[in-house]
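What follows is a single structure, written as structure tokens, with notes after it.
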Amino acid sequence: MSSHSTGFSTRVRALRVASGQTQGELAEAAGISERTVSDLERGLRTRVYPATARQLAAALGVSNEGLAAFLIDAGGIHEPGGSTSTQVVMPPTPNRSALPRPLTRLVGRDAELTMVLGLVDDPAERLMTLVGPGGVGKTRLAVEVATRSEERFPSGSYFVDLSTITDPDMVIPSLAAAVGLQPDAGDLALALAQRLGEARALVVLDTFEHLVVAASAVGQLIGACPSLTVLATSRESLRVRGEREIPLPPLAARTSGAAGEELAPAVELFLERARAVLPHLSIAPEDIEIVSDICARLDGLPLAIELAAARVKHLPLSDLRRHLDHRLDALVGGARDLPPRHQTMRGTLDWSYARLAASEMRMFRGLSVFRGGFGAEAAQVVTTTKGHGSDDVLATLSTLVDCSLAQADADASGIARYRLLDVVREYATERAVAAGELDQLRRRHAAHLLALAERAEPELRGSEQRDWYARLLDDEGNLRAALTWALEVGEAEIALRLAGALWMFWRWAGLFVEGRRWLDAALAAEEECSPAVRQQALWGAGWLAYHQGDYRRSGEVGQEMLRLLGGADEPLQWRNALTLVGNAALAEGRPDDAVRALGHAVVLCEDMGTPWHLATSLLNLGTALLHVGRTEEAEPPFERAEAIYAGIGDRHFTARALIKRGYAHLLAGDLAAAVDPMRRGMQMCAEIGDSWGIAEGLEAVATLRSESDPRSAVLLAGAAEKLRDRISMRPHPADARINRIYLDLARKRLTPEEFERAWVAGRGTALGSILAFALEPGTGMAPDEA
């Protein structure tokens with residue numbers, strides 16, 4: 001195994017040397033810096049972004065067969081001592097907690113940056129809170145700190161946007177989900193400690209002020225997880241033991257006046273942002289004093305400064321100062337109940353808003369209902385009403401971006417996404433309330449999200465499932481906002497439809513706790529809705545319970561669905577109810593009951609014309625047949641399921657069907673026939689980054705090797721357990737029974753010491769290396785293949 005357990009650093013260097021390239025030549029071929037290559041080979045870089053990994057693979061001539069292992073290994077370099085920081089996210093999810101990558105540099109915060117970097121570098125400092133008013137730049141500084149300190153946190157650096165969360169009880173589950181856990185009702189502190197291991201991890205909890213009642217829970221979690229460091233941003237401190245409060249002051253608008261002194265930080269920020277909208281802006285020495293006056297009038301608040309700087313495209317500096325003075329003077333006379341800095345921020349926003357055209361004002365107010373971000377199409381749907389709206393949405397959004405009233409980003413596919421900063425969104429909400437528009441805006445927002453969710457629901461089972469998952473993930477905050485509104489105003493059927501359409505999204509995202517809460521709340525709020533709507537929501541609630549190991553509840557939900565159906569002619573809902581009942585029976589050790597229920601589900605599917613449901617029912621039935629010893633009868637359902645999944649492009653379930661076919665051959669005593677489908681299934685999981693499937697595949701290949709190479713089997717089983725720890729995904733009970741039988745066979749062929757060493761080695765080896773080993777033909781397979 002030594003050739004498979006070497007670190008990614010060594011692997012890159014060996015491939016480079018073998019290709020005859022210098023570090024400089026490899027850097028040029030891969031389109032990266034020579035410093036990056038050097039840092040990689042010396043082990044100074046702890047992770048490689050996917051795009052960079054692919055460029056490296058191409059430049060190093062990595063084969064198609066080895067590409068999956070190379071890319072997964074690149075996600076986290078093998079650490080000293082055998083531990084690994086490999087990050088494998090359960091697909092089809094992108095990194096839902098990746099650090100934001102700002103488009104502009106941090107200005108004027110050198111002292112604060114140095115201080116906070118020193119604090120996060122100290123293992124004794126476990127909880128730090130950047131405290132300051134809205135618009136002072138807390139999030140920007142936190143992101144800079146996290147980005148610059150990534151290499152100090154081998155278990156990863158994560159960003160959790162709390163602005164889209166309204167329930168304090170969801171803070172800890174959100175933190176857990178950010179680091180790759182699927183939070184359930186178990187001990188989250190223990191699961192998080194296991195997930196992170198001994199290597200340090202950093203979590204940024206952004207925008208905490210509206211959830212401060214959850215601060216004590218965060219403090220307790222930090223106490224239970226020795227490797228966890230939390231950096232929070234908030235308008236007030238968390239007030240828990242061990243917290244280091246770091247007040248973030250506004251930027252200085254004036255210097256001390258000493259000769260040769262550089263520009264004041266606020267002035268530097270103003271000029272940089274002004275030149276972003278007017279590149280040829282000419283600044284005379286006397287203009288510096290005007291800019292300094294402007295920044296002083298804005299109390300050095302970075303957001304206010306950026307809003308003002310955006311106007312230099314249309315106003316000379318002297319006019320800008322005069323208009324700004326007038327606006328702020330008027331405000332101070334009329335809003336003395338606000339703190340001074342809040343008066344300044346509000347006055348700046350008033351001033352920027354007043355300079356918008358009427359259609360731009362309407363769109364700005366309409367954007368207040370979005371949480372987290374939105375695309376141009378969503379903005380048009382939500383903000384446009386009959387007779388009112390923008391003829392050119394992109395132009396209007398561009399104007400708002402130019403005025404710094406909106407921020408522009410891009411999603412993973414390069415499509416523009418927009419967002420309002422929290423303080424700006426709060427202001428836009430006030431404007432929408434004053435215009436009497438907020439209620440209708442929230443209704444249109446919820447209708448748009450409902451249409452998106454219901455359109456995505458069937459697509460999550462098809463060939464474009466990854467793309468649709470990513471679309472829903474982008475709108476995670478908006479989905480929460482829509483559900484919250486629907487339940488608050490008594491639109492329970494909308495909440496029920498929305499939650500029922502999102503259960504598979506929550507399953508993939510690992511948001512079991514959150515998903516079950518939304519479904520339970522919606523089900524409790526709406527008793528008189530359409531039976532089909534209620535059945536869909538129950539179906540989702542049953543499956544989320546199943547994946548949390550709550551098999552009793554899953555079976556109860558199935559029985560409730562059957563009672564609600566009565567004698568109704570609804571074959572799909574009958575099939576769904578029987579599927580829950582049958583799988584719960586199988587998990588609870590009642591395989592005969594499972595075969596009856598799941599066999600009936602297949603019969604119902606045959607004439608429905610819904611191939612995915614038929615394939616899944618066949619897969620379920622085959623699994624149940626295996627566990628009553630009817631292995632020959634299990635093979636045909638698995639073969640049909642595989643063919644159907646392949647036909648509709650669902651690679652995740654195609655891989656699962658292949659692995660199940662392998663189990664059928666294995667239990668029938670045909671070890672040689674089991675090898676190919678299991679290896680193909682696992683290869684498919686590796687290609688799509690399916691960590692759930694990879695864990696199942698590792699366990700499957702371990703069963704193949706339990707007799708011919710018991711050490712290899714134990715090593716793979718240990719690696720699978722480590723991966724399951726990382727994603728908090730329980731094995732399916734039926735598969736787990738098979739795996740235990742074959743792992744016990746391997747255990748009998750090894751001494752206790754040999755078993756323990758192999759298990760520890762498997763848990764400590766980088767996943768990419770484990771994959772290469774598991775997929776390698778001729779190693780540890782059947783004796784006649786060796």
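For the structure tokens, the naming scheme is as follows: chains receive sequential letters (A, B, ...) according to their order of presentation, residues are indexed from 1 within each chain, and ligands are indexed from 1 in presentation order.
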
Please list as a PyMOL selection string every residue within 8 Å of Leu441 of chain A, counting only C-alpha atoms and excluding residues in the same chain fewer than 2 positions away. chain A and resi 366+369+382-383+437-439+443-445

Store the residues picked out above, limited to C-alpha atoms, as a compact mmCIF listing (two decimals), in the first residue's frame.
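So out-v3.txt came out as:
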```txt
# COMPACT_ATOMS: atom_id res chain seq x y z
CA GLY A 366 -38.46 44.89 -4.61
CA VAL A 369 -37.32 40.37 -0.13
CA VAL A 382 -40.49 39.43 -8.27
CA THR A 383 -40.17 43.19 -8.81
CA GLU A 437 -45.41 47.09 -1.28
CA LEU A 438 -43.81 44.60 1.08
CA ASP A 439 -46.71 42.15 1.47
CA ARG A 443 -46.05 36.90 -1.95
CA ARG A 444 -44.51 37.15 -5.44
CA HIS A 445 -41.15 36.08 -4.00
```

List the neighbours of segment 422-426 of chain A out to 12 Å using only C-alpha atoms; skip same-chain residues closer than 4 positions along the sequence, and give me the result as an MDAnalysis selection string. chainID A and resid 133:139 161:164 206:210 234:235 301 303:304 307 342 345:350 352:353 364:373 400 403:407 430:433

Atom CA of Glu144 of chain A to atom CA of Arg273 of chain A measures 18.1 Å

Can you list every residue in segment 100-301 of chain A that DSSP puts in helix (DSSP H, G or I), as a PyMOL selection string? chain A and resi 110-120+138-148+150-152+162-164+168-178+188-196+209-224+265-277+285-297

Excluding same-chain residues fewer than 5 positions from segment 660-669 of chain A, what lies within 7 Å of it counting only C-alpha atoms, as a PyMOL selection string? chain A and resi 626+631+634-635+638+674-675+677-678

Give me a file of those residues, with C-alpha atoms, as a PDB file, in the first residue's frame.
```pdb
ATOM      1  CA  LEU A 626     -31.325 -10.622  -1.057  1.00  0.00           C
ATOM      2  CA  THR A 631     -30.501 -14.189  -4.487  1.00  0.00           C
ATOM      3  CA  ALA A 634     -32.807 -10.411  -6.928  1.00  0.00           C
ATOM      4  CA  GLU A 635     -30.540 -10.206  -9.992  1.00  0.00           C
ATOM      5  CA  PHE A 638     -31.186  -5.034 -10.250  1.00  0.00           C
ATOM      6  CA  ALA A 674     -19.295  -9.633  -8.613  1.00  0.00           C
ATOM      7  CA  VAL A 675     -16.027  -7.874  -9.381  1.00  0.00           C
ATOM      8  CA  PRO A 677     -20.273  -4.392 -11.544  1.00  0.00           C
ATOM      9  CA  MET A 678     -18.889  -3.359  -8.169  1.00  0.00           C
TER      10      MET A 678
END
```

Do you know which residues are at most 6 Å from segment 553-558 of chain A counting only C-alpha atoms, after dropping those on the same chain fewer than 4 positions away, and could you put them as JSON, numbers by chain? {"A": [542, 545, 546, 577, 580, 581, 584]}

For the residues in that selection, give me all heavy atoms as a PDB file, in the first residue's frame.
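The result, stored in part_36.pdb:
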```
ATOM      1  N   GLY A 542     -41.045  11.146   5.523  1.00  0.00           N
ATOM      2  CA  GLY A 542     -40.692   9.749   5.773  1.00  0.00           C
ATOM      3  C   GLY A 542     -39.276   9.424   5.377  1.00  0.00           C
ATOM      4  O   GLY A 542     -38.554   8.718   6.105  1.00  0.00           O
ATOM      5  N   ALA A 545     -36.685  11.074   7.685  1.00  0.00           N
ATOM      6  CA  ALA A 545     -36.611  10.302   8.930  1.00  0.00           C
ATOM      7  C   ALA A 545     -35.787   9.031   8.719  1.00  0.00           C
ATOM      8  O   ALA A 545     -34.965   8.657   9.570  1.00  0.00           O
ATOM      9  CB  ALA A 545     -38.022   9.952   9.405  1.00  0.00           C
ATOM     10  N   TYR A 546     -35.982   8.366   7.584  1.00  0.00           N
ATOM     11  CA  TYR A 546     -35.251   7.127   7.289  1.00  0.00           C
ATOM     12  C   TYR A 546     -33.749   7.392   7.264  1.00  0.00           C
ATOM     13  O   TYR A 546     -32.957   6.632   7.840  1.00  0.00           O
ATOM     14  CB  TYR A 546     -35.716   6.574   5.942  1.00  0.00           C
ATOM     15  CG  TYR A 546     -35.047   5.278   5.550  1.00  0.00           C
ATOM     16  CD1 TYR A 546     -35.570   4.053   5.947  1.00  0.00           C
ATOM     17  CD2 TYR A 546     -33.886   5.273   4.788  1.00  0.00           C
ATOM     18  CE1 TYR A 546     -34.951   2.857   5.593  1.00  0.00           C
ATOM     19  CE2 TYR A 546     -33.255   4.096   4.434  1.00  0.00           C
ATOM     20  CZ  TYR A 546     -33.793   2.886   4.832  1.00  0.00           C
ATOM     21  OH  TYR A 546     -33.172   1.715   4.489  1.00  0.00           O
ATOM     22  N   ALA A 577     -46.101   5.223  -0.422  1.00  0.00           N
ATOM     23  CA  ALA A 577     -46.413   4.768   0.927  1.00  0.00           C
ATOM     24  C   ALA A 577     -45.862   3.365   1.176  1.00  0.00           C
ATOM     25  O   ALA A 577     -45.254   3.086   2.227  1.00  0.00           O
ATOM     26  CB  ALA A 577     -47.925   4.796   1.136  1.00  0.00           C
ATOM     27  N   LEU A 580     -42.051   3.363   1.753  1.00  0.00           N
ATOM     28  CA  LEU A 580     -41.654   3.706   3.119  1.00  0.00           C
ATOM     29  C   LEU A 580     -41.907   2.542   4.073  1.00  0.00           C
ATOM     30  O   LEU A 580     -41.043   2.193   4.892  1.00  0.00           O
ATOM     31  CB  LEU A 580     -42.420   4.940   3.594  1.00  0.00           C
ATOM     32  CG  LEU A 580     -42.016   6.284   2.990  1.00  0.00           C
ATOM     33  CD1 LEU A 580     -42.949   7.390   3.480  1.00  0.00           C
ATOM     34  CD2 LEU A 580     -40.571   6.625   3.334  1.00  0.00           C
ATOM     35  N   VAL A 581     -43.072   1.936   3.972  1.00  0.00           N
ATOM     36  CA  VAL A 581     -43.414   0.815   4.846  1.00  0.00           C
ATOM     37  C   VAL A 581     -42.434  -0.336   4.638  1.00  0.00           C
ATOM     38  O   VAL A 581     -41.930  -0.942   5.603  1.00  0.00           O
ATOM     39  CB  VAL A 581     -44.867   0.358   4.580  1.00  0.00           C
ATOM     40  CG1 VAL A 581     -45.147  -0.971   5.278  1.00  0.00           C
ATOM     41  CG2 VAL A 581     -45.846   1.423   5.047  1.00  0.00           C
ATOM     42  N   ALA A 584     -38.776   0.522   5.842  1.00  0.00           N
ATOM     43  CA  ALA A 584     -38.729   0.527   7.303  1.00  0.00           C
ATOM     44  C   ALA A 584     -38.737  -0.900   7.844  1.00  0.00           C
ATOM     45  O   ALA A 584     -38.000  -1.227   8.788  1.00  0.00           O
ATOM     46  CB  ALA A 584     -39.906   1.322   7.863  1.00  0.00           C
TER      47      ALA A 584
END
```

May I have the residues within 9 Å of Val595 of chain A as a PyMOL selection string, using only C-alpha atoms and disregarding those fewer than 3 positions away in the same chain? chain A and resi 582+586+590-592+598-600+620-625+628

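Residue nearest Ser149 of chain A within the list A:Arg126, A:Arg42, A:Glu112, A:Ala201: A:Ala201 [criterion: smallest interatomic distance, only C-alpha atoms].
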
Could you tell me how far atom CA of Leu502 of chain A sits from atom CA of Leu519 of chain A, in Å to one decimal place? 9.4 Å

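Listed by chain and then by rising number, the residues of segment 157-191 of chain A that DSSP assigns to strand (DSSP E or B) from the backbone are A:Ser157, A:Tyr158, A:Phe159, A:Val160, A:Asp161.
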
N, CA and C atoms of the current selection, written as a compact mmCIF listing (two decimals), in the first residue's frame:
```
# COMPACT_ATOMS: atom_id res chain seq x y z
N SER A 157 -11.30 25.68 6.39
CA SER A 157 -11.85 26.97 6.78
C SER A 157 -13.21 27.11 6.11
N TYR A 158 -14.22 27.45 6.90
CA TYR A 158 -15.60 27.42 6.41
C TYR A 158 -16.30 28.75 6.71
N PHE A 159 -17.24 29.10 5.84
CA PHE A 159 -17.98 30.35 5.99
C PHE A 159 -19.46 30.03 6.09
N VAL A 160 -20.10 30.50 7.16
CA VAL A 160 -21.53 30.26 7.37
C VAL A 160 -22.25 31.61 7.39
N ASP A 161 -23.08 31.86 6.39
CA ASP A 161 -23.85 33.10 6.30
C ASP A 161 -25.13 32.92 7.11
```

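For the atom pair formed by atom CA of Gln573 of chain A and atom CA of Trp468 of chain A, the distance is 24.0 Å, given to one decimal.
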
Which residue, A:Ile694, A:Leu511, A:Val381, A:Leu450, has the smallest gap to Ala481 of chain A when you use only C-alpha atoms? A:Leu450
